[in-house]
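Below is protein04.cif, holding mmCIF, C-alpha atoms and all ligand atoms.
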```cif
data_model
#
loop_
_atom_site.group_PDB
_atom_site.id
_atom_site.type_symbol
_atom_site.label_atom_id
_atom_site.label_comp_id
_atom_site.auth_asym_id
_atom_site.auth_seq_id
_atom_site.Cartn_x
_atom_site.Cartn_y
_atom_site.Cartn_z
ATOM 1 C CA MET A 1 161.464 222.440 -93.625
ATOM 2 C CA THR A 2 162.171 219.918 -90.855
ATOM 3 C CA ASP A 3 160.962 220.523 -87.291
ATOM 4 C CA ALA A 4 164.544 221.325 -86.221
ATOM 5 C CA ASP A 5 164.935 223.886 -89.069
ATOM 6 C CA ARG A 6 161.624 225.403 -88.118
ATOM 7 C CA ARG A 7 162.647 225.752 -84.471
ATOM 8 C CA ASP A 8 165.870 227.493 -85.550
ATOM 9 C CA HIS A 9 163.904 229.766 -87.890
ATOM 10 C CA ASP A 10 161.406 230.621 -85.132
ATOM 11 C CA HIS A 11 164.260 231.366 -82.782
ATOM 12 C CA GLU A 12 166.083 233.584 -85.303
ATOM 13 C CA HIS A 13 162.930 235.509 -86.167
ATOM 14 C CA GLY A 14 161.854 235.852 -82.557
ATOM 15 C CA HIS A 15 158.367 234.405 -82.899
ATOM 16 C CA GLU A 16 156.467 231.193 -82.508
ATOM 17 C CA HIS A 17 154.642 230.402 -85.760
ATOM 18 C CA GLY A 18 151.883 228.258 -84.390
ATOM 19 C CA HIS A 19 150.194 231.091 -82.528
ATOM 20 C CA GLY A 20 149.196 233.403 -85.360
ATOM 21 C CA HIS A 21 149.362 237.188 -85.354
ATOM 22 C CA ALA A 22 149.870 238.964 -82.016
ATOM 23 C CA ARG A 23 146.970 241.320 -82.775
ATOM 24 C CA ASP A 24 144.587 238.345 -82.905
ATOM 25 C CA GLN A 25 145.254 237.390 -79.294
ATOM 26 C CA GLY A 26 143.351 238.323 -76.165
ATOM 27 C CA LEU A 27 140.124 240.022 -75.237
ATOM 28 C CA SER A 28 140.444 243.112 -77.435
ATOM 29 C CA ALA A 29 140.794 240.898 -80.541
ATOM 30 C CA ALA A 30 137.760 238.831 -79.481
ATOM 31 C CA VAL A 31 135.720 242.036 -79.068
ATOM 32 C CA ARG A 32 136.916 243.284 -82.487
ATOM 33 C CA TYR A 33 135.892 240.012 -84.140
ATOM 34 C CA LEU A 34 132.519 239.948 -82.370
ATOM 35 C CA ARG A 35 131.778 243.372 -83.851
ATOM 36 C CA LEU A 36 132.707 241.997 -87.279
ATOM 37 C CA ALA A 37 130.744 238.763 -86.766
ATOM 38 C CA PRO A 38 127.724 239.661 -88.942
ATOM 39 C CA ARG A 39 130.065 240.129 -91.921
ATOM 40 C CA MET A 40 132.373 237.242 -91.057
ATOM 41 C CA TRP A 41 129.632 234.662 -90.596
ATOM 42 C CA ARG A 42 128.281 234.727 -94.110
ATOM 43 C CA SER A 43 130.768 236.478 -96.343
ATOM 44 C CA GLU A 44 130.376 237.407 -99.990
ATOM 45 C CA ILE A 45 134.109 237.257 -100.635
ATOM 46 C CA ASN A 46 134.193 233.709 -99.234
ATOM 47 C CA GLU A 47 131.417 232.750 -101.670
ATOM 48 C CA ALA A 48 133.374 234.290 -104.543
ATOM 49 C CA VAL A 49 136.656 232.586 -103.629
ATOM 50 C CA LEU A 50 134.976 229.218 -103.105
ATOM 51 C CA GLU A 51 133.563 229.550 -106.634
ATOM 52 C CA VAL A 52 137.149 229.912 -107.856
ATOM 53 C CA VAL A 53 138.466 227.029 -105.744
ATOM 54 C CA ALA A 54 135.410 224.928 -106.740
ATOM 55 C CA PRO A 55 135.920 222.056 -104.293
ATOM 56 C CA ILE A 56 134.159 218.849 -105.298
ATOM 57 C CA ALA A 57 132.920 215.784 -103.440
ATOM 58 C CA GLY A 58 135.718 213.636 -102.145
ATOM 59 C CA GLU A 59 138.425 216.293 -102.247
ATOM 60 C CA ARG A 60 140.531 217.097 -99.187
ATOM 61 C CA VAL A 61 140.716 220.834 -98.723
ATOM 62 C CA LEU A 62 142.182 223.375 -96.332
ATOM 63 C CA ASP A 63 140.781 226.724 -95.150
ATOM 64 C CA ILE A 64 143.827 228.608 -93.810
ATOM 65 C CA GLY A 65 142.818 231.159 -91.176
ATOM 66 C CA ALA A 66 139.207 230.010 -91.320
ATOM 67 C CA GLY A 67 137.861 232.690 -88.956
ATOM 68 C CA MET A 68 134.164 232.057 -88.317
ATOM 69 C CA GLY A 69 134.068 229.409 -91.037
ATOM 70 C CA PRO A 70 132.031 230.669 -94.016
ATOM 71 C CA GLY A 71 134.458 229.005 -96.461
ATOM 72 C CA MET A 72 134.652 225.834 -94.388
ATOM 73 C CA VAL A 73 130.859 225.475 -94.481
ATOM 74 C CA LEU A 74 130.619 226.042 -98.254
ATOM 75 C CA ALA A 75 133.330 223.433 -98.950
ATOM 76 C CA ALA A 76 131.722 220.836 -96.688
ATOM 77 C CA LYS A 77 128.324 221.450 -98.326
ATOM 78 C CA ALA A 78 130.003 220.837 -101.701
ATOM 79 C CA GLY A 79 131.013 217.399 -100.438
ATOM 80 C CA ALA A 80 134.690 218.066 -99.754
ATOM 81 C CA THR A 81 136.438 217.017 -96.556
ATOM 82 C CA VAL A 82 137.682 220.248 -95.031
ATOM 83 C CA THR A 83 140.225 221.083 -92.361
ATOM 84 C CA ALA A 84 139.649 224.557 -90.938
ATOM 85 C CA VAL A 85 143.039 225.773 -89.721
ATOM 86 C CA GLU A 86 142.874 228.540 -87.140
ATOM 87 C CA PRO A 87 145.511 229.755 -84.658
ATOM 88 C CA THR A 88 143.228 231.978 -82.548
ATOM 89 C CA PRO A 89 141.531 230.055 -79.699
ATOM 90 C CA PHE A 90 138.451 232.311 -79.720
ATOM 91 C CA MET A 91 137.908 231.618 -83.430
ATOM 92 C CA ARG A 92 138.390 227.882 -82.949
ATOM 93 C CA ARG A 93 135.620 227.932 -80.340
ATOM 94 C CA VAL A 94 133.324 229.638 -82.847
ATOM 95 C CA LEU A 95 134.336 227.105 -85.535
ATOM 96 C CA HIS A 96 133.682 224.115 -83.257
ATOM 97 C CA GLY A 97 130.262 225.546 -82.396
ATOM 98 C CA ARG A 98 129.394 226.236 -86.038
ATOM 99 C CA ARG A 99 130.595 222.803 -87.130
ATOM 100 C CA TRP A 100 128.202 221.189 -84.692
ATOM 101 C CA PHE A 101 125.199 222.668 -86.494
ATOM 102 C CA GLN A 102 126.283 221.470 -89.944
ATOM 103 C CA ARG A 103 124.689 218.443 -91.529
ATOM 104 C CA ALA A 104 128.089 217.802 -93.150
ATOM 105 C CA ARG A 105 129.949 218.017 -89.831
ATOM 106 C CA SER A 106 131.537 214.580 -90.272
ATOM 107 C CA ARG A 107 133.516 216.132 -93.160
ATOM 108 C CA ILE A 108 134.771 219.074 -91.080
ATOM 109 C CA THR A 109 137.821 219.130 -88.811
ATOM 110 C CA VAL A 110 138.742 222.229 -86.843
ATOM 111 C CA ALA A 111 142.483 222.291 -86.186
ATOM 112 C CA ASP A 112 144.911 224.431 -84.242
ATOM 113 C CA GLY A 113 147.531 225.656 -86.696
ATOM 114 C CA SER A 114 148.571 228.579 -88.826
ATOM 115 C CA ALA A 115 149.711 229.286 -92.379
ATOM 116 C CA GLU A 116 153.237 228.761 -91.092
ATOM 117 C CA ARG A 117 152.346 225.463 -89.460
ATOM 118 C CA LEU A 118 149.701 223.528 -91.353
ATOM 119 C CA PRO A 119 148.561 220.538 -89.292
ATOM 120 C CA VAL A 120 148.240 218.061 -92.196
ATOM 121 C CA PRO A 121 150.652 215.560 -93.808
ATOM 122 C CA ASP A 122 152.807 216.208 -96.880
ATOM 123 C CA GLY A 123 151.026 215.973 -100.252
ATOM 124 C CA SER A 124 147.620 215.323 -98.649
ATOM 125 C CA ILE A 125 145.599 218.335 -99.890
ATOM 126 C CA ASP A 126 143.745 218.830 -103.200
ATOM 127 C CA ALA A 127 142.963 222.501 -102.673
ATOM 128 C CA ALA A 128 143.790 225.205 -100.137
ATOM 129 C CA TRP A 129 142.642 228.795 -99.759
ATOM 130 C CA SER A 130 143.108 231.699 -97.416
ATOM 131 C CA ILE A 131 140.676 234.607 -97.376
ATOM 132 C CA ASN A 132 141.381 237.963 -95.744
ATOM 133 C CA ALA A 133 144.014 236.205 -93.642
ATOM 134 C CA MET A 134 147.256 236.604 -95.642
ATOM 135 C CA HIS A 135 147.882 239.996 -94.034
ATOM 136 C CA HIS A 136 147.768 238.228 -90.636
ATOM 137 C CA TRP A 137 150.491 235.727 -91.528
ATOM 138 C CA VAL A 138 153.591 236.113 -89.425
ATOM 139 C CA ASP A 139 156.082 234.757 -91.980
ATOM 140 C CA ARG A 140 154.982 234.534 -95.612
ATOM 141 C CA GLU A 141 158.124 232.666 -96.705
ATOM 142 C CA VAL A 142 157.473 229.837 -94.255
ATOM 143 C CA ALA A 143 153.771 229.888 -95.192
ATOM 144 C CA ALA A 144 154.627 229.438 -98.885
ATOM 145 C CA THR A 145 156.852 226.476 -98.028
ATOM 146 C CA GLU A 146 154.090 224.952 -95.929
ATOM 147 C CA ILE A 147 151.485 225.337 -98.694
ATOM 148 C CA ALA A 148 153.834 223.658 -101.189
ATOM 149 C CA ARG A 149 154.494 220.871 -98.684
ATOM 150 C CA VAL A 150 150.851 219.974 -98.060
ATOM 151 C CA LEU A 151 149.510 220.196 -101.648
ATOM 152 C CA ARG A 152 149.461 217.009 -103.683
ATOM 153 C CA PRO A 153 151.001 217.226 -107.172
ATOM 154 C CA GLY A 154 148.436 219.135 -109.259
ATOM 155 C CA GLY A 155 146.818 220.567 -106.101
ATOM 156 C CA ARG A 156 145.710 224.216 -106.181
ATOM 157 C CA VAL A 157 145.856 227.207 -103.879
ATOM 158 C CA VAL A 158 143.898 230.471 -103.939
ATOM 159 C CA LEU A 159 144.948 233.350 -101.687
ATOM 160 C CA VAL A 160 142.754 236.454 -101.567
ATOM 161 C CA ASP A 161 142.857 239.552 -99.379
ATOM 162 C CA GLU A 162 140.301 242.305 -99.922
ATOM 163 C CA ASP A 163 141.907 245.716 -100.458
ATOM 164 C CA PHE A 164 139.827 247.946 -98.206
ATOM 165 C CA GLU A 165 142.341 250.776 -98.668
ATOM 166 C CA ASP A 166 141.281 251.032 -102.317
ATOM 167 C CA PRO A 167 138.660 253.809 -102.617
ATOM 168 C CA GLY A 168 136.856 251.560 -105.111
ATOM 169 C CA HIS A 169 136.058 248.992 -102.411
ATOM 170 C CA PRO A 170 132.375 249.187 -101.392
ATOM 171 C CA ASP A 171 133.398 249.102 -97.696
ATOM 172 C CA HIS A 172 136.232 251.622 -98.071
ATOM 173 C CA GLU A 173 134.513 254.492 -96.223
ATOM 174 C CA ARG A 174 133.470 252.267 -93.330
ATOM 175 C CA PHE A 175 137.004 250.827 -93.136
ATOM 176 C CA MET A 176 138.608 254.288 -93.074
ATOM 177 C CA ALA A 177 136.176 255.485 -90.426
ATOM 178 C CA ARG A 178 136.820 252.473 -88.206
ATOM 179 C CA HIS A 179 140.605 252.535 -88.367
ATOM 180 C CA ARG A 180 142.566 255.564 -87.443
ATOM 181 C CA ASP A 181 146.170 255.946 -88.581
ATOM 182 C CA PRO A 182 148.132 253.009 -87.074
ATOM 183 C CA SER A 183 151.259 255.171 -86.763
ATOM 184 C CA GLN A 184 149.361 256.816 -83.874
ATOM 185 C CA ASP A 185 148.777 253.425 -82.305
ATOM 186 C CA GLU A 186 150.708 252.444 -79.185
ATOM 187 C CA ASP A 187 151.450 248.916 -80.330
ATOM 188 C CA ALA A 188 152.182 249.557 -84.004
ATOM 189 C CA ASP A 189 155.092 251.593 -85.267
ATOM 190 C CA GLY A 190 153.768 251.749 -88.816
ATOM 191 C CA HIS A 191 156.234 249.205 -90.125
ATOM 192 C CA GLY A 192 156.497 245.440 -90.229
ATOM 193 C CA SER A 193 159.582 243.331 -89.684
ATOM 194 C CA GLY A 194 161.032 244.425 -93.063
ATOM 195 C CA ASN A 195 160.247 247.634 -94.918
ATOM 196 C CA GLU A 196 156.586 246.781 -95.476
ATOM 197 C CA THR A 197 154.015 249.295 -94.361
ATOM 198 C CA ILE A 198 151.454 248.268 -91.820
ATOM 199 C CA ASN A 199 148.049 249.326 -93.064
ATOM 200 C CA ARG A 200 145.272 250.977 -91.125
ATOM 201 C CA HIS A 201 144.047 247.870 -89.366
ATOM 202 C CA GLY A 202 147.545 247.233 -87.985
ATOM 203 C CA PHE A 203 148.424 244.271 -90.211
ATOM 204 C CA THR A 204 150.911 244.101 -93.085
ATOM 205 C CA THR A 205 149.508 244.614 -96.585
ATOM 206 C CA VAL A 206 150.579 241.802 -98.892
ATOM 207 C CA ASP A 207 152.224 242.472 -102.220
ATOM 208 C CA ALA A 208 150.694 240.070 -104.761
ATOM 209 C CA GLU A 209 153.846 239.723 -106.857
ATOM 210 C CA GLU A 210 156.048 239.101 -103.834
ATOM 211 C CA MET A 211 153.672 236.407 -102.597
ATOM 212 C CA GLY A 212 153.653 234.872 -106.091
ATOM 213 C CA ARG A 213 157.454 234.801 -106.076
ATOM 214 C CA LEU A 214 157.520 233.081 -102.693
ATOM 215 C CA LEU A 215 155.159 230.384 -103.979
ATOM 216 C CA ALA A 216 157.307 229.968 -107.118
ATOM 217 C CA ASP A 217 160.434 229.696 -104.943
ATOM 218 C CA SER A 218 158.645 226.942 -103.006
ATOM 219 C CA GLY A 219 158.181 224.968 -106.218
ATOM 220 C CA LEU A 220 154.609 225.914 -107.196
ATOM 221 C CA THR A 221 153.725 226.660 -110.828
ATOM 222 C CA GLU A 222 150.993 228.385 -112.886
ATOM 223 C CA ILE A 223 151.350 231.393 -110.590
ATOM 224 C CA GLU A 224 148.878 234.209 -111.171
ATOM 225 C CA ALA A 225 149.422 237.189 -108.906
ATOM 226 C CA ALA A 226 147.497 240.428 -109.357
ATOM 227 C CA ASN A 227 145.504 243.239 -107.843
ATOM 228 C CA GLN A 228 142.144 242.742 -109.488
ATOM 229 C CA LEU A 229 138.378 242.829 -108.981
ATOM 230 C CA LEU A 230 136.438 239.924 -107.520
ATOM 231 C CA ARG A 231 132.662 240.488 -107.285
ATOM 232 C CA ASN A 232 133.368 244.175 -107.808
ATOM 233 C CA ARG A 233 135.756 244.288 -104.862
ATOM 234 C CA PRO A 234 139.415 245.209 -105.296
ATOM 235 C CA VAL A 235 141.451 242.233 -104.059
ATOM 236 C CA ILE A 236 145.041 241.065 -103.814
ATOM 237 C CA SER A 237 144.895 237.661 -105.446
ATOM 238 C CA VAL A 238 147.479 234.895 -105.839
ATOM 239 C CA THR A 239 146.719 231.489 -107.316
ATOM 240 C CA ALA A 240 149.053 228.583 -108.052
ATOM 241 C CA ARG A 241 149.353 224.848 -108.548
ATOM 242 C CA ARG A 242 151.815 222.310 -107.311
HETATM 243 C C1 LIG A 301 140.028 238.759 -90.924
HETATM 244 S S1 LIG A 301 139.986 237.102 -90.368
HETATM 245 C C2 LIG A 301 139.393 236.250 -91.815
HETATM 246 C C3 LIG A 301 138.762 234.939 -91.486
HETATM 247 C C4 LIG A 301 138.084 234.175 -92.620
HETATM 248 N N1 LIG A 301 139.040 233.602 -93.536
HETATM 249 C C5 LIG A 301 137.088 235.024 -93.358
HETATM 250 O O1 LIG A 301 137.256 235.218 -94.567
HETATM 251 O O2 LIG A 301 136.124 235.490 -92.756
HETATM 252 C C6 LIG A 301 141.709 236.635 -90.286
HETATM 253 C C7 LIG A 301 141.930 235.306 -89.637
HETATM 254 O O3 LIG A 301 143.322 234.936 -89.743
HETATM 255 C C8 LIG A 301 143.672 234.272 -88.557
HETATM 256 N N2 LIG A 301 145.142 234.278 -88.421
HETATM 257 C C9 LIG A 301 145.933 235.045 -87.634
HETATM 258 N N3 LIG A 301 147.221 234.715 -87.784
HETATM 259 C C10 LIG A 301 147.267 233.714 -88.716
HETATM 260 C C11 LIG A 301 148.319 232.922 -89.287
HETATM 261 N N4 LIG A 301 149.590 233.138 -88.978
HETATM 262 N N5 LIG A 301 147.978 231.954 -90.162
HETATM 263 C C12 LIG A 301 146.697 231.743 -90.510
HETATM 264 N N6 LIG A 301 145.667 232.456 -89.999
HETATM 265 C C13 LIG A 301 145.944 233.428 -89.114
HETATM 266 C C14 LIG A 301 142.926 235.044 -87.480
HETATM 267 O O4 LIG A 301 142.826 234.312 -86.283
HETATM 268 C C15 LIG A 301 141.592 235.277 -88.160
HETATM 269 O O5 LIG A 301 140.698 234.241 -87.916
#
```
Target format structure tokens, applied to this file:
Amino acid sequence: MTDADRRDHDHEHGHEHGHGHARDQGLSAAVRYLRLAPRMWRSEINEAVLEVVAPIAGERVLDIGAGMGPGMVLAAKAGATVTAVEPTPFMRRVLHGRRWFQRARSRITVADGSAERLPVPDGSIDAAWSINAMHHWVDREVAATEIARVLRPGGRVVLVDEDFEDPGHPDHERFMARHRDPSQDEDADGHGSGNETINRHGFTTVDAEEMGRLLADSGLTEIEAANQLLRNRPVISVTARR
């Protein structure tokens, strides 16, 4: 998609892609993330996904919606050169701070961007992943196009969202207790822009097969899209190659 196409698309869809999800903005989001910080700093699901991605020394990799940077740190420690893409200013401040304390900080770049606007050149990335961030994406079709654009031929992508709504998830009870029904929420009407249902934390649950189709439509291959277990956690998982 050219910049002009993207501007038209943004205009038609009434949003600006570079800024991430509206619910990630402002003080209330910062407070929410601070409460989650102990679990977002060192995260088991990030460890599990990074084992799947398996970045190696010399690779150029992308953490899409890097949050507080647990994946970014693991990739840099493995010797990869990582760009942590994050649209939320509060999170970027955390990432910059965390980067500073890493021995491998020369291999880490923190960049303003989003899944819909990846701030790296075409065909420049060996591996990309996004963990617990897909449900924050504003436009999954544009995101799929962007991922296909930035991967080099043969490059891989791993997208994983934990399914906290699944009673089999170890954090299910805590999740249900923390989030009341979003249909009661002032700023969520229970539905996304299409017919998708907004789940209890106010974001749109991703359908694995639909996401797989979008990646296939963008030219990626070896698509594997499924609801499955990763480290005993139910996850929505989509992997592909360019
Ligand atoms: C629940 S956090 C997960 C962060 C991190 N990946 C982790 O596993 O801890 C979701 C992240 O997605 C980011 N985000 C919001 N909108 C986004 C978008 N359109 N594209 C990419 N990331 C986005 C948020 O700022 C937030 O840092």
(message) List as a PyMOL selection string the protein and nucleic acid residues near Ala133 in chain A, meaning an atom at most 10 Å away when all atoms listed in the file are counted, but skip any in the same chain fewer than 5 places from it.
(response) chain A and resi 21+64-67+115+159-162+203
What do you get as a tab-separated table (two decimals) with C-alpha atoms, in the coordinates of the input if you pick all residues at most 7 Å from ligand LIG 301 (chain A), counting all atoms listed in the file?
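Output below, filename out07.tsv:
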```tsv
chain	number	residue	atom	x	y	z
A	17	HIS	CA	154.64	230.40	-85.76
A	19	HIS	CA	150.19	231.09	-82.53
A	20	GLY	CA	149.20	233.40	-85.36
A	21	HIS	CA	149.36	237.19	-85.35
A	24	ASP	CA	144.59	238.34	-82.90
A	40	MET	CA	132.37	237.24	-91.06
A	41	TRP	CA	129.63	234.66	-90.60
A	43	SER	CA	130.77	236.48	-96.34
A	46	ASN	CA	134.19	233.71	-99.23
A	64	ILE	CA	143.83	228.61	-93.81
A	65	GLY	CA	142.82	231.16	-91.18
A	66	ALA	CA	139.21	230.01	-91.32
A	67	GLY	CA	137.86	232.69	-88.96
A	68	MET	CA	134.16	232.06	-88.32
A	69	GLY	CA	134.07	229.41	-91.04
A	70	PRO	CA	132.03	230.67	-94.02
A	86	GLU	CA	142.87	228.54	-87.14
A	87	PRO	CA	145.51	229.76	-84.66
A	88	THR	CA	143.23	231.98	-82.55
A	91	MET	CA	137.91	231.62	-83.43
A	114	SER	CA	148.57	228.58	-88.83
A	115	ALA	CA	149.71	229.29	-92.38
A	116	GLU	CA	153.24	228.76	-91.09
A	130	SER	CA	143.11	231.70	-97.42
A	131	ILE	CA	140.68	234.61	-97.38
A	132	ASN	CA	141.38	237.96	-95.74
A	133	ALA	CA	144.01	236.20	-93.64
A	136	HIS	CA	147.77	238.23	-90.64
A	137	TRP	CA	150.49	235.73	-91.53
A	138	VAL	CA	153.59	236.11	-89.42
```
(request) Pick out the residues sitting within 6 Å of range 218-228 of chain A, and hand them over as JSON, numbers by chain; count all atoms listed in the file, and ignore anything fewer than 2 positions along from it in its own chain. (result) {"A": [145, 208, 209, 212, 215, 216, 234, 235, 236, 237, 238, 239, 240, 241, 242]}
(message) As an exercise, work out the distance from CA of Ala143 in chain A to CA of Ser28 in chain A in Å and give it to one decimal place.
(response)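 For CA of Ala143 in chain A relative to CA of Ser28 in chain A, the distance reads 25.8 Å.
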(request) Counting only C-alpha atoms, figure out which residue out of A:Pro153, A:Glu165, A:Met211, A:Ile108 gets nearest to Gly79 in chain A. (result)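 The shortest atom-to-atom distance to Gly79 in chain A comes from A:Ile108.
Coordinates place CA of Asp63 in chain A at a distance of 11.5 Å from CA of Ala80 in chain A.
Residue nearest Pro170 in chain A within the list A:Arg156, A:Arg149, A:Arg35, A:Arg233: A:Arg233 [criterion: smallest interatomic distance, only C-alpha atoms].
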(request) Please identify all polymer residues within 9 Å of range 121-126 of chain A, counting all atoms listed in the file, omitting same-chain residues fewer than 5 positions from it, and present them as a count of residues only. (result) 16
(request) In Å, rounded to a single decimal, give me how far CA of Ala29 in chain A is from CA of Asp139 in chain A. (result)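 Separation between CA of Asp139 in chain A and CA of Ala29 in chain A: 20.1 Å.
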Please write out, as JSON, where the centre of an axis-aligned box around all listed atoms of range 126-134 of chain A lies and how long its edges are, in Å to one decimal, after adding 4 Å on each side.
```
{"center_x": 144.0, "center_y": 228.4, "center_z": -98.4, "size_x": 14.6, "size_y": 27.1, "size_z": 17.6}
```
